[in-house]
Amino acid sequence: MYALKTHGDGKLELVEELDPTPDTGEVLIRPVAVGICATDLEIVHGTIDPAYVNYPITIGHEWSGVVTQCGADVTRISVGDRVVVQGIIPCEKCRECLGGHTNRCEIYDEYGFTRSGAASSAVIAREHLVHVLTSQASNESGALVEPAAVVTTGLMKANPLAGAKILVIGDGTIGLIAAKLARIWSPSKVDLIGIRSEQESLAKHAGVDNFFLASDELNEKYDLVIEASGSKSGATVSFQKLIRGGTLLILGLIGHQETIPVAIDDLVNGDHSIYASFGYTSLAWARTVALLNSGELDLTFLVTHRFPLSNWQQGIDAVLNAPAPRGKVLLLP
């Protein structure tokens, strides 16, 4: 098998490895669509928080695949099933897991971070982490379950009321998914602030009512602001766009130990609620898959670039340099 690996030194290499064999209760999956995101680039360059990665590592935490082999005692999954695999692997024994907060498992373990990811020919997964996709869900949508589950987890925390006015800051994958998923909570409007006018077509496809550029003057305030830009400027603006009693949901990472100034008195006087959301829970993952399988959510429109795994360098270049409109870049093993 082949695997796209890094030592965190800014380099990637497609290397040949031994084929894995599923053990009891495990399945062998051939990845068919693997997303590349900014976090992957942080892993490659070693700029990610070192507490969340083990080197050398095969990248690829956003993916879907097809089951090619089942180990003994596998009863729910069959060869040929199109599947996605919950990437954060909970121990299911610690206090956080038992409380339903599997994203905060005390033994952090995740595909593409601490164990080999899906930018490869094969992945081993435990059966109970595997979710079958129906004909309603494309392989491309399946590869986007991971970032979508991140958004679902955050929205389940913020739990906006029906009729809420929602503002998303950021026109990348997370921001566009946030705008799309926010509609499930029946808001009165969903606006988005981006930095590239060419992204407006994707934003409109995601269901955005009004697309603004960061340079535009926007005086309106919102019940819920979702910070998904992962930038200092976006994070700063997010605090300024809340109504009194409004809620801020922070999904973007601005860089390890980077900071912004915050006026604490304004937060207190505004009676604001602030949620920071890490990863996704098992419940949010299952809910996201259910939305895809029912046809209520389709994220295929977000995929704008596709490359064979052997052309991984072109995929990386597309993430860094492809002109907008640019959504998700996929590698196709």
# chains A, B, ... in the order shown; residues from 1 in each chain; ligands from 1

$ residues_around --residues "Lys221 in chain A" --least-positions-apart "4" --cutoff "10 Å" --atoms "only C-alpha atoms" --output "list in words"
Lys165, Ile166, Leu167, Val225, Ser238, Gln240, Lys241, Leu242, Ile243, Arg244 and Gly246 of chain A

$ closest_residue --among "A:Val32, A:Phe239, A:His131, A:Thr21" --to "Arg306 in chain A" --atoms "only C-alpha atoms"
A:Val32

$ select_by_dssp --residues "range 145-249 of chain A" --states "alpha helix (DSSP H)" --output "ChimeraX atom specification"
/A:145-158,173-182,200-205,232-240

$ select_by_dssp --residues "range 15-258 of chain A" --states "strand (DSSP E)" --output "number ranges by chain"
A: 15-16, 26-36, 57-58, 62-70, 82-85, 123-126, 130-132, 165-169, 189-194, 210-213, 222-227, 242-250

$ closest_residue --among "A:Ile89, A:Leu176, A:Leu302, A:Val123" --to "Leu330 in chain A" --atoms "only C-alpha atoms"
A:Leu302

$ atom_distance --atom1 "CA of Leu248 in chain A" --atom2 "CA of Val262 in chain A"
13.1 Å

$ residues_around --residues "range 147-160 of chain A" --least-positions-apart "5" --cutoff "8 Å" --atoms "only C-alpha atoms" --output "VMD selection string"
chain A and resid 62 173 to 174 177 to 178 181 to 182 185 187 223 to 224 247 to 249 251 275 to 281 284 to 285 287 to 288

$ closest_residue --among "A:Ile184, A:Leu253, A:Val329, A:Val168" --to "Ile316 in chain A" --atoms "only C-alpha atoms"
A:Val329

$ closest_residue --among "A:Gly87, A:Gly170, A:Gly163, A:Pro31" --to "Arg183 in chain A" --atoms "only C-alpha atoms"
A:Gly163
